[in-house]
Each structure stands twice: as structure tokens, then as C-alpha cells.
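*Asks:* Following this line is final03.pdb, made up of PDB, C-alpha atoms:
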ATOM      1  CA  MET Y   1     -11.038  19.068   6.342
ATOM      2  CA  GLU Y   2      -7.235  19.080   6.185
ATOM      3  CA  TYR Y   3      -4.804  16.498   4.802
ATOM      4  CA  ASN Y   4      -1.752  16.739   7.049
ATOM      5  CA  ARG Y   5       1.457  14.746   6.968
ATOM      6  CA  ILE Y   6       2.857  13.389  10.248
ATOM      7  CA  THR Y   7       6.642  13.144  10.484
ATOM      8  CA  SER Y   8       7.164  12.963  14.244
ATOM      9  CA  ILE Y   9       5.673  11.163  17.232
ATOM     10  CA  GLU Y  10       5.752  14.574  18.942
ATOM     11  CA  ASP Y  11       3.067  15.828  16.529
ATOM     12  CA  PRO Y  12      -0.134  16.155  18.633
ATOM     13  CA  ASN Y  13      -2.085  14.476  15.840
ATOM     14  CA  PHE Y  14       0.044  11.358  16.086
ATOM     15  CA  LYS Y  15      -1.334  10.483  19.533
ATOM     16  CA  LYS Y  16      -4.839  10.807  18.057
ATOM     17  CA  LEU Y  17      -3.850   8.630  15.097
ATOM     18  CA  HIS Y  18      -2.300   5.973  17.316
ATOM     19  CA  ASP Y  19      -5.414   5.875  19.488
ATOM     20  CA  LEU Y  20      -7.521   5.517  16.345
ATOM     21  CA  MET Y  21      -5.382   2.624  15.100
ATOM     22  CA  GLY Y  22      -5.882   0.922  18.464
ATOM     23  CA  GLU Y  23      -9.652   1.211  18.068
ATOM     24  CA  ILE Y  24      -9.705  -0.075  14.486
ATOM     25  CA  PHE Y  25      -6.983  -2.714  14.230
ATOM     26  CA  PRO Y  26      -6.290  -5.793  16.383
ATOM     27  CA  PRO Y  27      -3.476  -5.244  18.943
ATOM     28  CA  GLU Y  28      -0.955  -7.416  17.093
ATOM     29  CA  GLU Y  29      -1.204  -5.152  14.040
ATOM     30  CA  VAL Y  30      -0.521  -1.877  15.860
ATOM     31  CA  LEU Y  31       3.134  -0.937  16.247
ATOM     32  CA  GLU Y  32       4.041   0.347  19.711
ATOM     33  CA  TYR Y  33       3.924   4.119  20.092
ATOM     34  CA  ASP Y  34       7.672   4.713  20.495
ATOM     35  CA  LEU Y  35       8.546   2.349  17.640
ATOM     36  CA  TRP Y  36       6.866   4.758  15.224
ATOM     37  CA  ARG Y  37       9.646   7.341  15.622
ATOM     38  CA  GLU Y  38      11.893   5.937  12.874
ATOM     39  CA  PRO Y  39       9.156   5.150  10.305
ATOM     40  CA  LEU Y  40       7.665   8.633  10.639
ATOM     41  CA  GLU Y  41      11.059  10.243  10.089
ATOM     42  CA  ASP Y  42      11.723   8.097   7.006
ATOM     43  CA  PRO Y  43      11.173  10.352   3.958
ATOM     44  CA  GLY Y  44      10.031   7.358   1.920
ATOM     45  CA  ILE Y  45       7.131   6.529   4.244
ATOM     46  CA  ARG Y  46       4.242   8.949   3.984
ATOM     47  CA  VAL Y  47       1.686   9.042   6.794
ATOM     48  CA  PHE Y  48      -1.179  11.495   6.385
ATOM     49  CA  VAL Y  49      -4.211  12.168   8.560
ATOM     50  CA  ALA Y  50      -7.579  13.678   7.737
ATOM     51  CA  VAL Y  51      -8.254  16.341  10.361
ATOM     52  CA  ASN Y  52     -11.813  17.565  10.864
ATOM     53  CA  GLY Y  53     -11.785  20.429  13.352
ATOM     54  CA  ASP Y  54      -9.441  19.149  16.041
ATOM     55  CA  GLU Y  55     -10.278  15.476  15.460
ATOM     56  CA  VAL Y  56      -8.319  12.920  13.432
ATOM     57  CA  VAL Y  57     -11.057  11.067  11.566
ATOM     58  CA  GLY Y  58      -9.029   9.180   8.981
ATOM     59  CA  ALA Y  59      -5.517   8.294   7.888
ATOM     60  CA  THR Y  60      -3.454   6.637   5.192
ATOM     61  CA  GLU Y  61       0.123   5.378   4.965
ATOM     62  CA  TYR Y  62       1.812   4.745   1.643
ATOM     63  CA  ARG Y  63       5.160   4.727  -0.124
ATOM     64  CA  TYR Y  64       6.472   5.732  -3.546
ATOM     65  CA  TYR Y  65       9.276   3.743  -5.174
ATOM     66  CA  PRO Y  66      11.088   5.881  -7.798
ATOM     67  CA  LYS Y  67      13.022   2.864  -9.126
ATOM     68  CA  TRP Y  68       9.825   1.155 -10.283
ATOM     69  CA  ASN Y  69       7.579   4.238 -10.464
ATOM     70  CA  ILE Y  70       4.944   2.499  -8.372
ATOM     71  CA  ALA Y  71       3.383   3.028  -4.945
ATOM     72  CA  MET Y  72       2.217   0.774  -2.132
ATOM     73  CA  THR Y  73      -0.654   1.568   0.217
ATOM     74  CA  ASP Y  74       0.098   0.217   3.698
ATOM     75  CA  PHE Y  75      -3.220   1.114   5.340
ATOM     76  CA  THR Y  76      -6.231   3.385   5.171
ATOM     77  CA  ILE Y  77      -8.485   4.239   8.106
ATOM     78  CA  ILE Y  78     -11.974   5.686   7.777
ATOM     79  CA  SER Y  79     -13.534   6.159  11.195
ATOM     80  CA  LYS Y  80     -16.843   7.859  10.399
ATOM     81  CA  PRO Y  81     -19.491   7.798   7.668
ATOM     82  CA  GLY Y  82     -20.956  10.882   6.065
ATOM     83  CA  LEU Y  83     -17.700  12.799   5.581
ATOM     84  CA  SER Y  84     -16.665  11.441   2.139
ATOM     85  CA  LEU Y  85     -13.473  10.334   3.871
ATOM     86  CA  GLY Y  86     -12.729   7.558   1.416
ATOM     87  CA  ARG Y  87     -12.710   9.917  -1.545
ATOM     88  CA  PHE Y  88     -10.886  12.627   0.417
ATOM     89  CA  LEU Y  89      -8.035  10.301   1.350
ATOM     90  CA  ALA Y  90      -7.861   8.582  -2.057
ATOM     91  CA  GLN Y  91      -7.844  11.843  -4.033
ATOM     92  CA  ASN Y  92      -5.228  13.541  -1.858
ATOM     93  CA  ARG Y  93      -3.044  10.439  -1.845
ATOM     94  CA  LEU Y  94      -3.194  10.212  -5.633
ATOM     95  CA  LYS Y  95      -2.324  13.908  -6.043
ATOM     96  CA  ASP Y  96       0.679  13.470  -3.767
ATOM     97  CA  LEU Y  97       1.844  10.368  -5.633
ATOM     98  CA  GLN Y  98       1.409  12.012  -9.023
ATOM     99  CA  LYS Y  99       3.536  14.904  -7.764
ATOM    100  CA  LEU Y 100       6.250  12.494  -6.599
ATOM    101  CA  ALA Y 101       6.162  10.681  -9.947
ATOM    102  CA  ALA Y 102       6.406  14.007 -11.821
ATOM    103  CA  GLU Y 103       9.447  14.929  -9.738
ATOM    104  CA  ASN Y 104      10.843  11.566 -10.878
ATOM    105  CA  GLY Y 105      10.212  12.604 -14.482
ATOM    106  CA  LYS Y 106       7.411  10.077 -15.004
ATOM    107  CA  GLU Y 107       3.683   9.465 -14.835
ATOM    108  CA  LEU Y 108       2.700   7.083 -12.044
ATOM    109  CA  PHE Y 109       2.461   3.482 -13.314
ATOM    110  CA  GLY Y 110       0.235   2.164 -10.536
ATOM    111  CA  MET Y 111      -0.160   1.166  -6.916
ATOM    112  CA  PHE Y 112      -0.004  -2.128  -5.017
ATOM    113  CA  ALA Y 113      -2.178  -3.030  -2.019
ATOM    114  CA  GLU Y 114      -2.991  -6.085   0.057
ATOM    115  CA  ILE Y 115      -6.770  -6.388   0.218
ATOM    116  CA  TYR Y 116      -8.675  -8.637   2.613
ATOM    117  CA  ASP Y 117     -10.892 -11.307   1.104
ATOM    118  CA  PRO Y 118     -13.880 -11.316   3.497
ATOM    119  CA  TYR Y 119     -15.270 -14.398   1.777
ATOM    120  CA  ARG Y 120     -12.359 -16.367   3.245
ATOM    121  CA  VAL Y 121     -11.395 -14.530   6.444
ATOM    122  CA  GLY Y 122     -13.507 -12.394   8.785
ATOM    123  CA  HIS Y 123     -12.254  -9.112  10.254
ATOM    124  CA  GLU Y 124     -14.290  -6.783  12.440
ATOM    125  CA  PHE Y 125     -12.059  -3.680  12.341
ATOM    126  CA  GLY Y 126     -13.390  -2.400  15.636
ATOM    127  CA  GLY Y 127     -16.979  -2.786  14.491
ATOM    128  CA  VAL Y 128     -16.673   0.342  12.317
ATOM    129  CA  LYS Y 129     -19.080  -0.336   9.447
ATOM    130  CA  VAL Y 130     -17.246   1.812   6.907
ATOM    131  CA  MET Y 131     -14.142  -0.344   7.521
ATOM    132  CA  ASP Y 132     -16.047  -3.573   6.905
ATOM    133  CA  PRO Y 133     -13.923  -5.744   4.541
ATOM    134  CA  TYR Y 134     -16.904  -6.312   2.226
ATOM    135  CA  VAL Y 135     -17.331  -2.550   1.860
ATOM    136  CA  ARG Y 136     -13.610  -1.869   1.534
ATOM    137  CA  ARG Y 137     -13.206  -4.506  -1.164
ATOM    138  CA  GLU Y 138     -15.951  -3.014  -3.320
ATOM    139  CA  VAL Y 139     -14.680   0.540  -2.783
ATOM    140  CA  LEU Y 140     -11.173  -0.471  -3.825
ATOM    141  CA  SER Y 141     -12.609  -2.249  -6.862
ATOM    142  CA  HIS Y 142     -14.389   0.996  -7.790
ATOM    143  CA  LEU Y 143     -11.092   2.868  -7.448
ATOM    144  CA  GLY Y 144      -9.594   0.551 -10.065
ATOM    145  CA  TYR Y 145      -7.741  -2.113  -8.106
ATOM    146  CA  LYS Y 146      -7.410  -5.500  -9.799
ATOM    147  CA  ARG Y 147      -6.451  -8.831  -8.284
ATOM    148  CA  ILE Y 148      -3.037 -10.141  -9.245
ATOM    149  CA  ASN Y 149      -3.492 -13.737 -10.407
ATOM    150  CA  LEU Y 150      -1.616 -15.287  -7.511
ATOM    151  CA  ASP Y 151      -2.259 -17.632  -4.577
ATOM    152  CA  TYR Y 152      -1.018 -15.014  -2.131
ATOM    153  CA  VAL Y 153       0.662 -15.402   1.232
ATOM    154  CA  HIS Y 154       2.777 -12.912   3.143
ATOM    155  CA  PRO Y 155       5.213 -13.288   6.059
ATOM    156  CA  SER Y 156       3.763 -12.514   9.476
ATOM    157  CA  TRP Y 157       4.795  -9.100  10.797
ATOM    158  CA  GLU Y 158       5.467 -10.853  14.093
ATOM    159  CA  ASN Y 159       8.489 -12.335  12.279
ATOM    160  CA  ASN Y 160       7.664 -15.787  13.605
ATOM    161  CA  GLY Y 161       8.084 -17.602  10.289
ATOM    162  CA  GLU Y 162       4.363 -18.088   9.758
ATOM    163  CA  GLY Y 163       2.530 -17.316   6.532
ATOM    164  CA  VAL Y 164      -0.533 -15.073   6.539
ATOM    165  CA  LYS Y 165      -3.359 -15.787   4.111
ATOM    166  CA  GLY Y 166      -6.802 -14.326   3.589
ATOM    167  CA  LEU Y 167      -5.609 -11.397   1.492
ATOM    168  CA  ASP Y 168      -5.252 -10.796  -2.213
ATOM    169  CA  PHE Y 169      -2.272  -8.939  -3.612
ATOM    170  CA  CYS Y 170      -3.709  -6.287  -5.907
ATOM    171  CA  PHE Y 171      -2.595  -3.580  -8.299
ATOM    172  CA  MET Y 172      -4.298  -0.403  -9.451
ATOM    173  CA  PRO Y 173      -2.884   0.497 -12.886
ATOM    174  CA  MET Y 174      -3.187   4.095 -13.988
ATOM    175  CA  ASN Y 175      -4.038   2.650 -17.411
ATOM    176  CA  ASP Y 176      -7.273   0.768 -16.752
ATOM    177  CA  ASP Y 177      -6.824  -1.244 -19.951
ATOM    178  CA  LEU Y 178      -3.691  -2.910 -18.596
ATOM    179  CA  GLU Y 179      -4.240  -6.682 -18.377
ATOM    180  CA  TYR Y 180      -0.774  -7.887 -17.336
ATOM    181  CA  ILE Y 181       2.160  -6.634 -15.286
ATOM    182  CA  PRO Y 182       5.767  -7.888 -15.349
ATOM    183  CA  ALA Y 183       6.273 -10.798 -12.962
ATOM    184  CA  SER Y 184       9.725  -9.437 -12.149
ATOM    185  CA  LEU Y 185       8.124  -6.239 -10.824
ATOM    186  CA  VAL Y 186       5.922  -8.236  -8.448
ATOM    187  CA  ALA Y 187       8.785 -10.436  -7.244
ATOM    188  CA  ASP Y 188      11.247  -7.569  -6.822
ATOM    189  CA  PHE Y 189       8.727  -5.417  -5.020
ATOM    190  CA  LEU Y 190       7.613  -8.117  -2.565
ATOM    191  CA  THR Y 191      11.223  -9.118  -1.865
ATOM    192  CA  THR Y 192      12.085  -5.493  -1.072
ATOM    193  CA  TYR Y 193       8.908  -4.763   0.895
ATOM    194  CA  TYR Y 194       9.387  -7.745   3.207
ATOM    195  CA  SER Y 195      13.188  -7.524   3.434
ATOM    196  CA  ILE Y 196      12.872  -6.189   6.989
ATOM    197  CA  LEU Y 197      11.519  -9.573   8.112
ATOM    198  CA  SER Y 198      14.283 -12.141   8.549
ATOM    199  CA  ASN Y 199      12.102 -15.194   9.200
ATOM    200  CA  LYS Y 200      10.264 -15.966   5.961
ATOM    201  CA  PRO Y 201       7.846 -18.916   5.711
ATOM    202  CA  GLN Y 202       8.609 -21.567   3.109
ATOM    203  CA  GLU Y 203       5.226 -20.852   1.498
ATOM    204  CA  TRP Y 204       6.343 -17.295   0.787
ATOM    205  CA  LEU Y 205       9.709 -18.414  -0.622
ATOM    206  CA  ASP Y 206       7.916 -20.892  -2.883
ATOM    207  CA  MET Y 207       5.522 -18.179  -4.038
ATOM    208  CA  ILE Y 208       8.385 -15.834  -4.933
ATOM    209  CA  ALA Y 209      10.126 -18.627  -6.856
ATOM    210  CA  HIS Y 210       6.887 -19.304  -8.739
ATOM    211  CA  ILE Y 211       6.528 -15.622  -9.650
ATOM    212  CA  LYS Y 212      10.132 -15.468 -10.860
ATOM    213  CA  SER Y 213       9.467 -18.408 -13.185
ATOM    214  CA  LYS Y 214       6.925 -16.312 -15.116
ATOM    215  CA  GLU Y 215       7.298 -13.361 -17.483
ATOM    216  CA  THR Y 216       3.971 -11.673 -16.764
ATOM    217  CA  ILE Y 217       1.079 -12.014 -14.320
ATOM    218  CA  SER Y 218      -2.480 -11.266 -15.296
ATOM    219  CA  LEU Y 219      -4.683  -8.723 -13.567
ATOM    220  CA  LEU Y 220      -8.163 -10.056 -12.754
ATOM    221  CA  PRO Y 221     -11.387  -8.420 -11.552
ATOM    222  CA  LEU Y 222     -11.458  -7.844  -7.806
TER     223      LEU Y 222
END
Render the structure in this file as C-alpha cells.
*Replies:*
Amino acid sequence: MEYNRITSIEDPNFKKLHDLMGEIFPPEEVLEYDLWREPLEDPGIRVFVAVNGDEVVGATEYRYYPKWNIAMTDFTIISKPGLSLGRFLAQNRLKDLQKLAAENGKELFGMFAEIYDPYRVGHEFGGVKVMDPYVRREVLSHLGYKRINLDYVHPSWENNGEGVKGLDFCFMPMNDDLEYIPASLVADFLTTYYSILSNKPQEWLDMIAHIKSKETISLLPL
């Protein structure tokens, strides 16, 4: 199996990836084909696919932020069982991020992710069992993700001013003994990550203000 980066919508594997996203995610969460051109060409956005033979069977998108020495996982797709895809993607992603951190003269501090809470919101993910939110949550817990102690809401990617709940904002510290992270890191990161959306819900603005009022935020079991 190969771990290949996609940097152009002309890459033959991108069509396969886009089709896979359409099978796994609801339509409103899949960016139109042509709108992927700019993100793929952005050096800060890293989109990799797992290629088995001539088939794209998995993918992950993530970003590294040198300023904070942290990463953010945007999505991970595992389309088939029995291929150790979860480990394959996680291990290769971590190696890539550690390399980027080393080039930045540091050791990676950790990685953020938004993780569905299936006990509050149901998601089918195309009926693919290995993508089941219950399974994903436990796998991510095994990887070392911890829940940031926060009543989390994020702006809708439809930029309609609505708040989206049903997810936890989580952090995977490279030091598993870490119990707190700076609140300023969380606030600054979320403000930057969602800066592209102009129509923020009041709930989100209130949440950011609450975070900024604190010095640290605790990391809880996922």
C-alpha cells in the first residue's frame, strides 16, 4: 500500500478520492470538485491517500502550524476493513508531521481534531462500519486523543451563521501525561481555523470569549 500526497485536481487519484468522499460523507460536507483546486495547491494543507493496487481505499487531510507547533486533522476516511488502514494512515501522518516539526526545529506538541459524539448525534457515514462514530471515537481514544473540557460548537461550513454541535474538540498531546493546555492556544487556533467563515454564530463568539477568560483548559478522557 502506498501513501501518496495529492496536490492537484488533475491527479487521477483525486477523482477516486472525491468519489469516495461522496460515498462516505453527506452531500453538504463534500466540497465541489472544482473548488478543491486551491486547497490542494496550498502547501499548508496536506491531503494524502492510501492506494492499494489502483484503488484509493483511504485518505486523510491535515495541517501543520509552525507558529504553534501543532497540527489539525480535518478528516480521515477508511473505506474497507481488514487492511489495517487506520494504523497505516495514522502512522504515516505522524511521521510526516514529525518531519515538519523537525524542519521547524521542534518536536511536535500535539494535534487537534473535532470528534463526533455518537451518544448525542447519529451519523451513518455511508453505512461503512469502520467509519461508525462509536468505532472512530474509541480508535481515536486509543491513539491518545483527549477531550478538551469545553461545551463545543463550531460555525457551519455553509457559512449561514448557524452553530454546529454534536462534536467534541479534542487534542492528542505527544506527552501523554499532559493534563492541561494553554487556553490562548485553543482560542487562537480556533479563531484562525474558522477565519475563512465570515458569518459566525453568537454561540461560537461566546465560546471563544469564555476560552479567552481562562489561563488553561483541562484535557479529559475521551
*Asks:* List the neighbours of Phe189 of chain Y out to 12 Å using all atoms listed in the file; skip same-chain residues closer than 6 positions along the sequence, and give me the result as a list in words.
*Replies:*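 Final neighbour list, sorted by chain and number: Arg63, Tyr64, Tyr65, Pro66, Lys67, Trp68, Asn69, Ile70, Ala71, Met72, Met111, Phe112, Ala113, Phe169, Phe171, Pro182, Ala183, Ser195, Ile208, Ile211 and Lys212 of chain Y.
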*Asks:* I'd like the interatomic distance between atom CA of Asp188 of chain Y and atom CA of Val153 of chain Y, to a tenth of an Å.
*Replies:*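 Computed distance, atom CA of Asp188 of chain Y to atom CA of Val153 of chain Y, equals 15.4 Å.
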*Asks:* I'd like the contact shell of segment 73-81 of chain Y - 6 Å cut-off, only C-alpha atoms, skipping same-chain residues fewer than 3 positions apart - returned as an MDAnalysis selection string.
*Replies:* chainID Y and resid 57:62 113
*Asks:* So which residues fall inside 7 Å of (-16.4, -7.9, 2.9) if we count only C-alpha atoms? Mind giving them as an mmCIF file with C-alpha atoms, keeping the file's coordinate frame?
*Replies:*
data_model
loop_
_atom_site.group_PDB
_atom_site.id
_atom_site.type_symbol
_atom_site.label_atom_id
_atom_site.label_comp_id
_atom_site.auth_asym_id
_atom_site.auth_seq_id
_atom_site.Cartn_x
_atom_site.Cartn_y
_atom_site.Cartn_z
ATOM 1 C CA ASP Y 117 -10.892 -11.307 1.104
ATOM 2 C CA PRO Y 118 -13.880 -11.316 3.497
ATOM 3 C CA TYR Y 119 -15.270 -14.398 1.777
ATOM 4 C CA ASP Y 132 -16.047 -3.573 6.905
ATOM 5 C CA PRO Y 133 -13.923 -5.744 4.541
ATOM 6 C CA TYR Y 134 -16.904 -6.312 2.226
ATOM 7 C CA VAL Y 135 -17.331 -2.550 1.860
ATOM 8 C CA ARG Y 136 -13.610 -1.869 1.534
ATOM 9 C CA ARG Y 137 -13.206 -4.506 -1.164
#
*Asks:* Please evaluate the PyMOL selection byres ((chain Y and resi 99-109) around 6) against the structure above and give the resulting residues as a ChimeraX atom specification.
*Replies:* /Y:69-70,96-98,110,174
*Asks:* If you count all atoms listed in the file, which residues fall within 10 Å of Leu219 of chain Y, apart from same-chain ones fewer than 6 positions away, as a ChimeraX atom specification?
*Replies:* /Y:145-150,170-173,178-181
*Asks:* State, in Å with one decimal place, the distance from atom CA of Phe88 of chain Y to atom CA of Leu40 of chain Y.
*Replies:* 21.6 Å
*Asks:* Which of these, Y:Asn13, Y:Thr7, Y:Ser156, Y:Ser184, has the shortest distance to Lys214 of chain Y once you count only C-alpha atoms?
*Replies:*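 Closest to Lys214 of chain Y, using only C-alpha atoms: Y:Ser184.
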*Asks:* Of the candidates Y:Ile115, Y:Leu143, Y:Val30, Y:Ile217, which shows the shortest atom-to-atom distance to Leu94 of chain Y, using all atoms listed in the file?
*Replies:*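 Under the stated criterion, the closest residue is Y:Leu143.
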*Asks:* Quick one, how far is atom CA of Leu31 of chain Y from atom CA of Gly86 of chain Y?
*Replies:* 23.3 Å
*Asks:* Counting only C-alpha atoms, figure out which residue out of Y:Asn4, Y:Val139, Y:Ile9, Y:Gly144 gets nearest to Asp176 of chain Y.
*Replies:* Y:Gly144
*Asks:* Which residue gives the smallest distance to Asp34 of chain Y among Y:Tyr194, Y:Phe14, Y:Tyr152, Y:Phe48, with all atoms listed in the file counted?
*Replies:*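 Ranking Y:Tyr194, Y:Phe14, Y:Tyr152, Y:Phe48 by distance to Asp34 of chain Y, first place goes to Y:Phe14.
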*Asks:* Which residue is closest to Gln91 of chain Y? Choose from Y:Leu35, Y:Thr191, Y:Tyr3, Y:Asp42 and count only C-alpha atoms.
*Replies:*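 Going through Y:Leu35, Y:Thr191, Y:Tyr3, Y:Asp42 one by one, the smallest distance to Gln91 of chain Y is for Y:Tyr3.
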*Asks:* Written as a count of residues only, what is the full residue list that the PyMOL selection byres ((chain Y and resi 54) around 10) yields on the file shown?
*Replies:* 9
